[in-house]
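Source file: my_file_6.tsv. Holds: TSV, C-alpha atoms.
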```tsv
chain	number	residue	atom	x	y	z
A	1	MET	CA	-5.61	-13.46	0.97
A	2	ALA	CA	-2.66	-11.12	0.82
A	3	LYS	CA	-1.98	-8.57	3.57
A	4	ILE	CA	-1.32	-4.84	3.61
A	5	LEU	CA	0.63	-3.43	6.55
A	6	LEU	CA	0.31	0.29	7.23
A	7	PRO	CA	2.49	2.43	9.49
A	8	ALA	CA	1.14	2.83	13.02
A	9	GLY	CA	1.28	6.61	12.63
A	10	TRP	CA	-1.33	6.39	9.89
A	11	THR	CA	-3.73	4.34	11.99
A	12	HIS	CA	-3.42	6.24	15.29
A	13	GLY	CA	-3.15	3.13	17.41
A	14	ALA	CA	-5.81	1.21	15.50
A	15	ARG	CA	-5.37	-1.80	13.28
A	16	THR	CA	-2.30	-1.81	11.01
A	17	GLU	CA	-2.77	-5.14	9.18
A	18	PHE	CA	-5.51	-5.74	6.63
A	19	ASP	CA	-6.44	-8.67	4.39
A	20	VAL	CA	-6.70	-7.84	0.68
A	21	PRO	CA	-7.39	-9.87	-2.44
A	22	ALA	CA	-4.39	-10.75	-4.61
A	23	GLY	CA	-3.86	-9.06	-7.97
A	24	PRO	CA	-1.88	-6.27	-9.62
A	25	LEU	CA	-0.24	-4.06	-6.97
A	26	MET	CA	-1.82	-0.82	-8.17
A	27	GLU	CA	-5.29	-2.42	-8.16
A	28	VAL	CA	-4.70	-3.93	-4.71
A	29	ILE	CA	-3.90	-0.46	-3.36
A	30	LYS	CA	-6.93	1.10	-5.09
A	31	ARG	CA	-9.29	-1.61	-3.80
A	32	PHE	CA	-7.86	-1.25	-0.31
A	33	ALA	CA	-8.39	2.53	-0.38
A	34	ALA	CA	-11.98	2.04	-1.59
A	35	ALA	CA	-12.67	-0.42	1.23
A	36	HIS	CA	-10.94	1.77	3.86
A	37	PRO	CA	-11.77	5.40	2.98
A	38	ALA	CA	-9.97	6.75	6.06
A	39	HIS	CA	-6.69	5.82	4.34
A	40	ARG	CA	-7.64	6.97	0.83
A	41	ARG	CA	-6.07	10.44	1.03
A	42	ARG	CA	-2.72	8.98	2.05
A	43	LEU	CA	-2.72	6.39	-0.74
A	44	LEU	CA	-4.50	7.87	-3.76
A	45	GLY	CA	-4.22	11.15	-5.60
A	46	ASP	CA	-7.12	13.26	-6.83
A	47	ASP	CA	-7.11	11.19	-10.02
A	48	GLY	CA	-7.75	7.99	-8.03
A	49	GLU	CA	-4.32	6.56	-8.82
A	50	PRO	CA	-1.85	5.43	-6.12
A	51	LEU	CA	0.55	8.15	-5.04
A	52	GLY	CA	4.21	7.56	-5.83
A	53	TYR	CA	5.85	9.16	-2.84
A	54	PHE	CA	5.52	6.29	-0.36
A	55	ASN	CA	7.75	3.22	-0.46
A	56	VAL	CA	6.27	-0.19	-1.13
A	57	TYR	CA	7.73	-3.54	-0.13
A	58	VAL	CA	6.33	-6.89	-1.19
A	59	ASP	CA	7.52	-9.82	0.88
A	60	ASP	CA	10.39	-7.66	2.21
A	61	ASP	CA	11.56	-6.68	-1.29
A	62	PRO	CA	11.31	-3.02	-2.35
A	63	VAL	CA	9.19	-2.32	-5.42
A	64	ALA	CA	10.67	0.56	-7.38
A	65	ARG	CA	8.21	3.17	-8.61
A	66	PRO	CA	8.68	2.26	-12.30
A	67	ASP	CA	7.99	-1.42	-11.50
A	68	ARG	CA	4.77	-0.95	-9.53
A	69	ALA	CA	2.43	-1.07	-12.54
A	70	ALA	CA	3.70	-4.55	-13.45
A	71	ALA	CA	4.00	-5.96	-9.92
A	72	GLU	CA	1.64	-8.80	-9.02
A	73	ILE	CA	0.59	-9.58	-5.47
A	74	ALA	CA	0.16	-13.28	-4.69
A	75	SER	CA	-2.43	-14.52	-2.22
A	76	ASP	CA	0.26	-15.20	0.39
A	77	SER	CA	2.14	-11.91	-0.09
A	78	VAL	CA	2.61	-9.13	2.44
A	79	VAL	CA	2.59	-5.55	1.12
A	80	VAL	CA	4.20	-3.00	3.44
A	81	ILE	CA	3.61	0.69	2.82
A	82	VAL	CA	6.23	3.00	4.30
A	83	PRO	CA	5.77	6.78	4.26
A	84	PRO	CA	8.68	8.92	3.13
A	85	LEU	CA	10.97	10.06	5.90
A	86	ALA	CA	12.54	13.46	6.20
A	87	GLY	CA	15.52	14.22	8.30
A	88	GLY	CA	18.66	16.10	8.44
```

Represent the structure contained in this file as C-alpha coordinates.
Amino acid sequence: MAKILLPAGWTHGARTEFDVPAGPLMEVIKRFAAAHPAHRRRLLGDDGEPLGYFNVYVDDDPVARPDRAAAEIASDSVVVIVPPLAGG
(Lines of atoms letter the chains of each structure in order from A and count residues from 1; the text may use other names and numbers.)
(Lines give C-alpha, C1' and ligand atoms only; values in the text may rest on other atoms or scores of the structure.)
Protein backbone atom coordinates (compact mmCIF):
# COMPACT_ATOMS: atom_id res chain seq x y z
CA MET A 1 0.00 0.00 0.00
CA ALA A 2 1.09 3.53 -0.74
CA LYS A 3 0.58 6.35 1.77
CA ILE A 4 -0.96 9.81 1.58
CA LEU A 5 0.23 12.41 4.08
CA LEU A 6 -2.02 15.40 4.69
CA PRO A 7 -1.14 18.65 6.46
CA ALA A 8 -2.01 18.67 10.16
CA GLY A 9 -4.06 21.84 9.64
CA TRP A 10 -6.43 19.89 7.41
CA THR A 11 -6.98 17.15 9.96
CA HIS A 12 -7.36 19.30 13.10
CA GLY A 13 -5.12 17.13 15.23
CA ALA A 14 -6.48 13.85 13.88
CA ARG A 15 -4.73 11.32 11.72
CA THR A 16 -2.50 12.70 8.93
CA GLU A 17 -1.26 9.46 7.32
CA PHE A 18 -3.50 7.16 5.31
CA ASP A 19 -2.91 3.94 3.37
CA VAL A 20 -4.08 4.03 -0.26
CA PRO A 21 -3.91 1.58 -3.15
CA ALA A 22 -1.24 2.21 -5.78
CA GLY A 23 -2.18 3.49 -9.24
CA PRO A 24 -2.34 6.68 -11.30
CA LEU A 25 -1.89 9.74 -9.05
CA MET A 26 -5.14 11.41 -10.05
CA GLU A 27 -7.09 8.19 -9.37
CA VAL A 28 -5.32 7.69 -6.04
CA ILE A 29 -6.43 11.17 -4.96
CA LYS A 30 -10.00 10.59 -6.17
CA ARG A 31 -10.26 7.22 -4.41
CA PHE A 32 -8.83 8.73 -1.24
CA ALA A 33 -11.38 11.57 -1.33
CA ALA A 34 -14.21 9.06 -1.87
CA ALA A 35 -13.04 6.99 1.10
CA HIS A 36 -12.50 10.07 3.32
CA PRO A 37 -15.33 12.52 2.49
CA ALA A 38 -14.21 15.00 5.16
CA HIS A 39 -11.23 15.81 2.91
CA ARG A 40 -13.10 15.81 -0.41
CA ARG A 41 -13.73 19.56 -0.60
CA ARG A 42 -10.03 20.30 -0.14
CA LEU A 43 -8.95 17.81 -2.81
CA LEU A 44 -11.63 17.69 -5.51
CA GLY A 45 -13.47 20.34 -7.46
CA ASP A 46 -17.19 20.35 -8.23
CA ASP A 47 -16.43 18.24 -11.30
CA GLY A 48 -14.91 15.49 -9.13
CA GLU A 49 -11.40 16.08 -10.47
CA PRO A 50 -8.40 16.83 -8.22
CA LEU A 51 -7.81 20.52 -7.66
CA GLY A 52 -4.59 21.93 -9.07
CA TYR A 53 -3.75 24.53 -6.47
CA PHE A 54 -2.10 22.27 -3.88
CA ASN A 55 1.44 20.94 -4.28
CA VAL A 56 2.04 17.22 -4.57
CA TYR A 57 5.24 15.36 -3.75
CA VAL A 58 5.82 11.69 -4.44
CA ASP A 59 8.71 10.17 -2.52
CA ASP A 60 10.02 13.69 -1.78
CA ASP A 61 9.98 14.71 -5.47
CA PRO A 62 7.59 17.47 -6.57
CA VAL A 63 5.07 16.52 -9.24
CA ALA A 64 4.42 19.47 -11.52
CA ARG A 65 0.78 20.13 -12.38
CA PRO A 66 1.20 19.18 -16.07
CA ASP A 67 2.79 15.85 -15.04
CA ARG A 68 0.14 14.73 -12.55
CA ALA A 69 -2.09 12.99 -15.09
CA ALA A 70 0.78 10.68 -16.11
CA ALA A 71 2.27 10.11 -12.64
CA GLU A 72 2.03 6.58 -11.25
CA ILE A 73 2.08 5.80 -7.55
CA ALA A 74 3.89 2.59 -6.59
CA SER A 75 2.78 0.46 -3.66
CA ASP A 76 5.70 1.69 -1.55
CA SER A 77 5.35 5.39 -2.45
CA VAL A 78 4.51 8.26 -0.13
CA VAL A 79 2.31 11.05 -1.54
CA VAL A 80 2.51 14.33 0.38
CA ILE A 81 -0.11 16.99 -0.25
CA VAL A 82 0.93 20.52 0.67
CA PRO A 83 -1.56 23.39 0.61
CA PRO A 84 -0.53 26.61 -1.08
CA LEU A 85 1.08 29.15 1.20
CA ALA A 86 0.50 32.86 1.11
CA GLY A 87 2.79 35.38 2.62
CA GLY A 88 4.33 38.66 2.15

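Among the candidates A:Val80, A:Leu25, A:Leu51, A:Ala14, the one nearest to Arg68 of chain A when counting all atoms listed in the file is A:Leu25.
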
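For the set A:Asp61, A:His39, A:Lys30, A:Ile73, the residue with the smallest atom-to-atom gap to Arg15 of chain A is A:His39, counting all atoms listed in the file.
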
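Across A:Asn55, A:Arg31, A:His36, A:Gly48, the tightest approach to Thr16 of chain A is made by A:His36 when counting only C-alpha atoms.
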
**Request:** Compare A:Arg40, A:Ala35, A:Ser77, A:Ala70 by their minimum atom-to-atom distance to Lys3 of chain A, counting all atoms listed in the file, and give me the closest one.
**Result:** A:Ser77

**Request:** Quote the spacing between atom CA of Ala2 of chain A and atom CA of Val79 of chain A in Å to one decimal place.
**Result:** 7.7 Å
